[in-house]
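Beneath this line is the structure, given in structure tokens, with notes to follow.
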Amino acid sequence: MAHELYIKDGKASIAFVGEKCWHGLGQELSDGASIETWKTESGMDWEIKESPVIYNTPAGQQVYSDQKVLFRGDTNEQLSIVGDGYKVVQPGEVLEFFRELVSLHEMKLSTAGVLFGGRRFWALADTGRAAEVLKNDHIKGNLLLTTSCDGTMATSAMMIATRVVCANTLRLALNEKSTNSARITHRVDFDPYKLKQEMGLIDQAWDKFISNVTDLSKAKINENDSYQFVYDLIKKPNLSADDQPYTVARDVNNIMNRVKNGMGQDQAGGTLWGLLNGVTEFCDHETRTRAADKALWNTWFGGTAELKTKAFEKVLEMV
């Protein structure tokens, strides 16, 4: 069975092939393992069940027909209460989404798992797309499929670029409107074919991304301008310089330490690409939450993911 990760405010199980996906967590699988093996080892071999919401009154039990309880079929643990029209995506369907992609398009499953006690689950595949921005500075492309059963997010597919040397991640825009993901809401039944159609520009998105980061790797920037960029990126815009919280100065210094280290040791040092990686490295590895599930989730979604996207957009404006 998958290795269970007991963390501060939840429970997660993760399976992976090759390098561990996050801070050494997870259950390693052999390369080429079947989808059925992935379901078991990643902790996704269970189904979401549902039940009407029942409440007690002096006249006896009543059914609240507009809501339903979702719970784990293996442990009977409650997952969430959602509207009656909520369409569930089963954990196994996330992995099944990749079956055809793996067999026909030479992708390889690399990581899968559940977070927050089963309320969210995902799978990550190596698309086979890779590039060398600078000598020994490699980037590879992954396809991430995520969903939830607690009403917090739609089923989403997105491209994730990973810088191999430091495992920094960055979301790719899938179209000219900078949309980061193809989505299917839980108001309709999950249709994997529709989602794959919406991802039709994945090759163009990858080529555009590599073109952009190549431009960034050639654009020079000095330390003073780098500092100003980082400060402007994370400052509180509604506060004056004197009223900024101490966390702003702390985070600016932490990011700049990474940027300056890159200037001395990294070929990308002194470039906009090096500056961007100082930000993404900080976001991905300078986590301040003890909950591993929250830290992993924030690399793809939430505030840290948004900060990385904002930094990427801003450095592109400077080229």
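So you can find residues: chains in the structure tokens are A, B, ... in the order shown, residues in each start at 1, and ligands are numbered from 1 in order.
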
Exercise. Tell me which protein, DNA and RNA residues are within 10 Å of Ala173 in chain A, counting only C-alpha atoms, leaving out same-chain ones fewer than 5 positions away, and put them as number ranges by chain.
Key: A: 158-160, 178-181, 201-202, 204-206, 208-209, 309

Output N, CA and C atoms for every residue in that selection, as a PDB file, in the first residue's frame.
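What follows is the written file result.pdb:
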```
ATOM      1  N   MET A 158      -3.237  21.230 -16.544  1.00  0.00           N
ATOM      2  CA  MET A 158      -2.314  22.311 -16.855  1.00  0.00           C
ATOM      3  C   MET A 158      -0.925  21.765 -17.121  1.00  0.00           C
ATOM      4  N   MET A 159      -0.156  22.560 -17.846  1.00  0.00           N
ATOM      5  CA  MET A 159       1.244  22.233 -18.086  1.00  0.00           C
ATOM      6  C   MET A 159       2.099  22.876 -16.998  1.00  0.00           C
ATOM      7  N   ILE A 160       3.028  22.097 -16.465  1.00  0.00           N
ATOM      8  CA  ILE A 160       3.954  22.573 -15.442  1.00  0.00           C
ATOM      9  C   ILE A 160       5.379  22.411 -15.981  1.00  0.00           C
ATOM     10  N   SER A 178      -3.524  33.871 -21.624  1.00  0.00           N
ATOM     11  CA  SER A 178      -2.761  33.514 -20.426  1.00  0.00           C
ATOM     12  C   SER A 178      -3.536  32.622 -19.475  1.00  0.00           C
ATOM     13  N   THR A 179      -4.499  31.875 -20.007  1.00  0.00           N
ATOM     14  CA  THR A 179      -5.209  30.910 -19.180  1.00  0.00           C
ATOM     15  C   THR A 179      -4.262  29.759 -18.840  1.00  0.00           C
ATOM     16  N   ASN A 180      -4.154  29.458 -17.543  1.00  0.00           N
ATOM     17  CA  ASN A 180      -3.192  28.456 -17.112  1.00  0.00           C
ATOM     18  C   ASN A 180      -3.699  27.027 -17.211  1.00  0.00           C
ATOM     19  N   SER A 181      -5.011  26.837 -17.354  1.00  0.00           N
ATOM     20  CA  SER A 181      -5.509  25.468 -17.310  1.00  0.00           C
ATOM     21  C   SER A 181      -6.768  25.309 -18.148  1.00  0.00           C
ATOM     22  N   LEU A 201      -3.733  23.030 -27.546  1.00  0.00           N
ATOM     23  CA  LEU A 201      -2.640  23.959 -27.835  1.00  0.00           C
ATOM     24  C   LEU A 201      -1.411  23.695 -26.978  1.00  0.00           C
ATOM     25  N   ILE A 202      -1.320  22.528 -26.404  1.00  0.00           N
ATOM     26  CA  ILE A 202      -0.253  22.224 -25.460  1.00  0.00           C
ATOM     27  C   ILE A 202       1.125  22.336 -26.129  1.00  0.00           C
ATOM     28  N   GLN A 204       1.941  24.246 -28.769  1.00  0.00           N
ATOM     29  CA  GLN A 204       2.208  25.655 -28.994  1.00  0.00           C
ATOM     30  C   GLN A 204       2.585  26.354 -27.697  1.00  0.00           C
ATOM     31  N   ALA A 205       1.907  25.971 -26.608  1.00  0.00           N
ATOM     32  CA  ALA A 205       2.192  26.581 -25.308  1.00  0.00           C
ATOM     33  C   ALA A 205       3.629  26.283 -24.876  1.00  0.00           C
ATOM     34  N   TRP A 206       4.062  25.042 -25.096  1.00  0.00           N
ATOM     35  CA  TRP A 206       5.426  24.668 -24.713  1.00  0.00           C
ATOM     36  C   TRP A 206       6.457  25.419 -25.548  1.00  0.00           C
ATOM     37  N   LYS A 208       6.119  28.255 -27.083  1.00  0.00           N
ATOM     38  CA  LYS A 208       6.101  29.661 -26.706  1.00  0.00           C
ATOM     39  C   LYS A 208       6.837  29.884 -25.393  1.00  0.00           C
ATOM     40  N   PHE A 209       6.651  28.976 -24.452  1.00  0.00           N
ATOM     41  CA  PHE A 209       7.310  29.097 -23.154  1.00  0.00           C
ATOM     42  C   PHE A 209       8.833  29.025 -23.317  1.00  0.00           C
ATOM     43  N   THR A 309       3.593  33.195 -11.160  1.00  0.00           N
ATOM     44  CA  THR A 309       3.025  33.629 -12.435  1.00  0.00           C
ATOM     45  C   THR A 309       3.169  35.134 -12.619  1.00  0.00           C
TER      46      THR A 309
END
```

Quiz item: If we count only C-alpha atoms, what is near Pro245 in chain A at a cut-off of 10 Å, once residues fewer than 5 positions away on the same chain are taken out, given as an NGL selection string?
Solution: :A and (235-236 or 239 or 250)

Give me, as an mmCIF file with N, CA, C and O atoms, in the first residue's frame, all polymer residues having an atom no more than 7 Å from Thr146 in chain A, counting only C-alpha atoms and skipping those fewer than 2 positions away in the same chain.
```cif
data_model
loop_
_atom_site.group_PDB
_atom_site.id
_atom_site.type_symbol
_atom_site.label_atom_id
_atom_site.label_comp_id
_atom_site.auth_asym_id
_atom_site.auth_seq_id
_atom_site.Cartn_x
_atom_site.Cartn_y
_atom_site.Cartn_z
ATOM 1 N N PHE A 121 -7.140 15.302 -5.168
ATOM 2 C CA PHE A 121 -6.231 14.280 -5.693
ATOM 3 C C PHE A 121 -5.751 14.702 -7.065
ATOM 4 O O PHE A 121 -6.371 15.521 -7.748
ATOM 5 N N TRP A 122 -4.617 14.144 -7.466
ATOM 6 C CA TRP A 122 -3.964 14.591 -8.702
ATOM 7 C C TRP A 122 -3.082 13.492 -9.255
ATOM 8 O O TRP A 122 -2.746 12.516 -8.590
ATOM 9 N N ALA A 123 -2.696 13.691 -10.516
ATOM 10 C CA ALA A 123 -1.672 12.857 -11.151
ATOM 11 C C ALA A 123 -0.828 13.755 -12.047
ATOM 12 O O ALA A 123 -1.330 14.715 -12.643
ATOM 13 N N LEU A 144 -0.295 18.106 -15.527
ATOM 14 C CA LEU A 144 -0.884 17.924 -14.198
ATOM 15 C C LEU A 144 -2.396 17.928 -14.306
ATOM 16 O O LEU A 144 -2.981 18.843 -14.894
ATOM 17 N N THR A 155 -12.214 20.401 -12.043
ATOM 18 C CA THR A 155 -11.213 19.477 -12.570
ATOM 19 C C THR A 155 -10.379 20.233 -13.586
ATOM 20 O O THR A 155 -10.913 20.794 -14.539
ATOM 21 N N SER A 156 -9.071 20.278 -13.374
ATOM 22 C CA SER A 156 -8.202 21.145 -14.174
ATOM 23 C C SER A 156 -6.997 20.380 -14.689
ATOM 24 O O SER A 156 -6.408 19.568 -13.966
ATOM 25 N N ALA A 157 -6.636 20.673 -15.929
ATOM 26 C CA ALA A 157 -5.407 20.143 -16.521
ATOM 27 C C ALA A 157 -4.519 21.316 -16.884
ATOM 28 O O ALA A 157 -4.982 22.309 -17.450
#
```

Exercise. Can you list, as a PyMOL selection string, all residues belonging to range 65-127 of chain A that DSSP tags as helix (DSSP H, G or I)?
Key: chain A and resi 91-96+99-104+116-118

Practice problem: Would you please extract all strand (DSSP E) residues from range 3-213 of chain A, as assigned by DSSP on the backbone, and give them as JSON, numbers by chain? | Solution: {"A": [4, 5, 6, 7, 10, 11, 12, 13, 14, 15, 16, 27, 28, 48, 49, 50, 51, 52, 53, 54, 55, 56, 57, 60, 61, 62, 63, 64, 65, 66, 67, 68, 69, 70, 71, 72, 78, 79, 80, 81, 82, 83, 108, 109, 110, 111, 112, 113, 114, 115, 120, 121, 122, 123, 124, 125, 126, 127, 128, 129, 130, 131, 132, 133, 134, 137, 138, 139, 140, 141, 142, 143, 144, 145, 146, 147, 148, 155, 156, 157, 158, 159, 160, 161, 162, 163, 168, 169, 170, 171, 182, 183, 184]}

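For Val53 in chain A, the list of residues within 6 Å, based on only C-alpha atoms and with local chain neighbours fewer than 4 positions off taken out, reads Val63, Tyr64 and Lys68 of chain A.
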
Self-check item: 8 Å contact set for range 256-271 of chain A, only C-alpha atoms, chain neighbours under 3 positions out, as a ChimeraX atom specification
Solution: /A:134-135,216-223,226-227,230,252-253,274-275,277-279,281-282

Practice problem: Take CA of Asn136 in chain A and CA of Gly18 in chain A and report the distance between them in Å, one decimal. | Solution: 19.4 Å
